Every structure is written in structure tokens, then in C-alpha cells.
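Novice: Just passing along the structure, written as C-alpha cells.
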Amino acid sequence: MQMPGEAQYYALALLDELFKGLPPCAMVGVLYDVNTSVENTSHNLLIQWGFLPEWSKQMIFRISVFHAFSHQWSCQLTFNPHLCDGFGLADGEGGECFWHSICNLIPGLHVSWACLCGHYIMQPLRPDTIPFYKFNQCLFVLNTDIQAKDVKSLANLGNWLLNNWTRVTRHLTGANAVLYKCPVDRIMLKSQWKLQRKQQHLPHPH
């Protein structure tokens, strides 16, 4: 929970709020940048410590795609969403796309930058570092911009669904074409895939 830089309690708070608006039978796939840490400690956090007890069995933890490729192959076999059932082509990078969409607000909100050891770091906007009225002004601008983007994205939802359906169909057609040309039947391929996953997770010999 208090791992340096992770602040996992924010993730748990968001999940708790999300499940309040979902039906009791809903299963949620959680794509998290440091998911191996979350998954490895999920038993402690969600069960032993009693966090989100009503939702703990309805969550599947995986790593967002761009972070998954920085992990070793045995880890990817378990946590890469593109190698797991149920995640499709989800990449887990929606948060980064959102931050990119509001990056144009940075100059207008007068975010201060400081140079440290040749690298630029952004000073966080906190009530104790800027005047209170300025903090509220920043919140107002952010809320207004986000609400406008929400309305725009909702109006474009049909195109978004169509584009993603087309992309999924194209990937499926390509994958089936490769499998059709493969001299090994699909049953054998599936069995070998299961064996590879099992072998990769065996303990290393001493």
C-alpha cells in the first residue's frame, strides 16, 4: 500500500468506486503499470487485510501492454493482456491517452518547471504550494475541459465502436489465415502453448 511512488490505495479507491456502479456478477480486468506488484500483493491487500472483500473475486490483474514488454517472457505469459483470454486487444493505455488530451492546458495553468541535475521535473499543483484561489481556478479549468471532452467522446462513440470492431475483425482474419497455412493442427498448437506456459513457471533449478 505504501510502496515508494506507487500509492496503490488510489487504485483500490478507484476500483471500489467502479464496482459500486456495476452489477454484482461483473468481472473486471485491471490493467496496471506495476501490476506484478499489485498481483503479488493482492492476496495480502484484498484478502488478508480485508480490502474490497466483496469485489476481490471479481478482478483479474494484468499489465498494460507497453509495460508488459519490459518484463521477462515468463511474466508476459501471465500478465500480458494480449496473451490472456478476455482482454482482446485492450492495451491499458487509456490513462496515458487522456493525459495527452489535456496536455494543452499545461501552459495556460502556469505549471512551473524546475531544472534539477540537467533534467526537468514538474512541480505538483497542491493547495500548500499555490494560492487557494489559484488551485480552485485550475480545478475549474480542468473540470470544464474534461466535461467538454466527455460530451465529444460520447457523440463519437459510434465511430469508436466501429473502428475497434473493424480492427478486431482484421486481426482475427489475419490470425485465422496464418493458422490455416500452418501445417500443425490447432489442437496441437493449443497443447504446446499450455505446456510452454507451464514450463516457464516452473522453479529454476538450483
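Ligands are numbered from 1 in the order shown, residues from 1 within each chain, and chains are lettered A, B, ... in the order they appear in the C-alpha cells.
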Which residues come within 8 Å of A:Gln58, counting only C-alpha atoms, excluding same-chain residues fewer than 5 positions away, as a ChimeraX atom specification?
Specialist: /A:25-28
Novice: Pick out the residues sitting within 12 Å of A:Phe98, and hand them over as a list in words; count only C-alpha atoms, and ignore anything fewer than 6 positions along from it in its own chain.
Specialist: Gly92, Asn104, Asp145, Ile146, Lys149, Asp150 and Ser153 of chain A
Novice: Take the selection from the previous step and output its residues with C-alpha atoms, as a compact mmCIF listing (two decimals), in the first residue's frame.
Specialist:
```
# COMPACT_ATOMS: atom_id res chain seq x y z
CA GLY A 92 -4.46 -0.45 -20.81
CA ASN A 104 -2.52 21.61 -23.95
CA ASP A 145 -12.26 20.82 -20.30
CA ILE A 146 -12.84 17.23 -19.19
CA LYS A 149 -14.19 16.12 -23.94
CA ASP A 150 -16.65 13.72 -22.31
CA SER A 153 -16.30 11.40 -26.96
```
Novice: What is the distance between atom CA of A:Leu14 and atom CA of A:Trp160, in Å to one decimal?
Specialist: 24.4 Å
Novice: Report the residues of stretch 47-198 of chain A whose backbone DSSP state falls under helix (DSSP H, G or I), written as number ranges by chain.
Specialist: A: 47-48, 56-58, 65-68, 73-79, 81-83, 94-101, 105-108, 132-155, 157-181, 186-198
Novice: Would you mind reading off the distance between atom CA of A:Leu12 and atom CA of A:Gly86, one decimal, in Å?
Specialist: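 Computing the Euclidean distance for atom CA of A:Leu12 and atom CA of A:Gly86 yields 21.6 Å.
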Novice: My list of candidates is A:Leu22, A:Cys75, A:Val30, A:Leu83. Which is closest to A:Met59 when distances are computed with only C-alpha atoms?
Specialist: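 Going through A:Leu22, A:Cys75, A:Val30, A:Leu83 one by one, the smallest distance to A:Met59 is for A:Val30.
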Novice: Using atom CA of A:Phe87 and atom CA of A:Ala177 as the two end points, give the distance in Å to one decimal.
Specialist: 21.4 Å
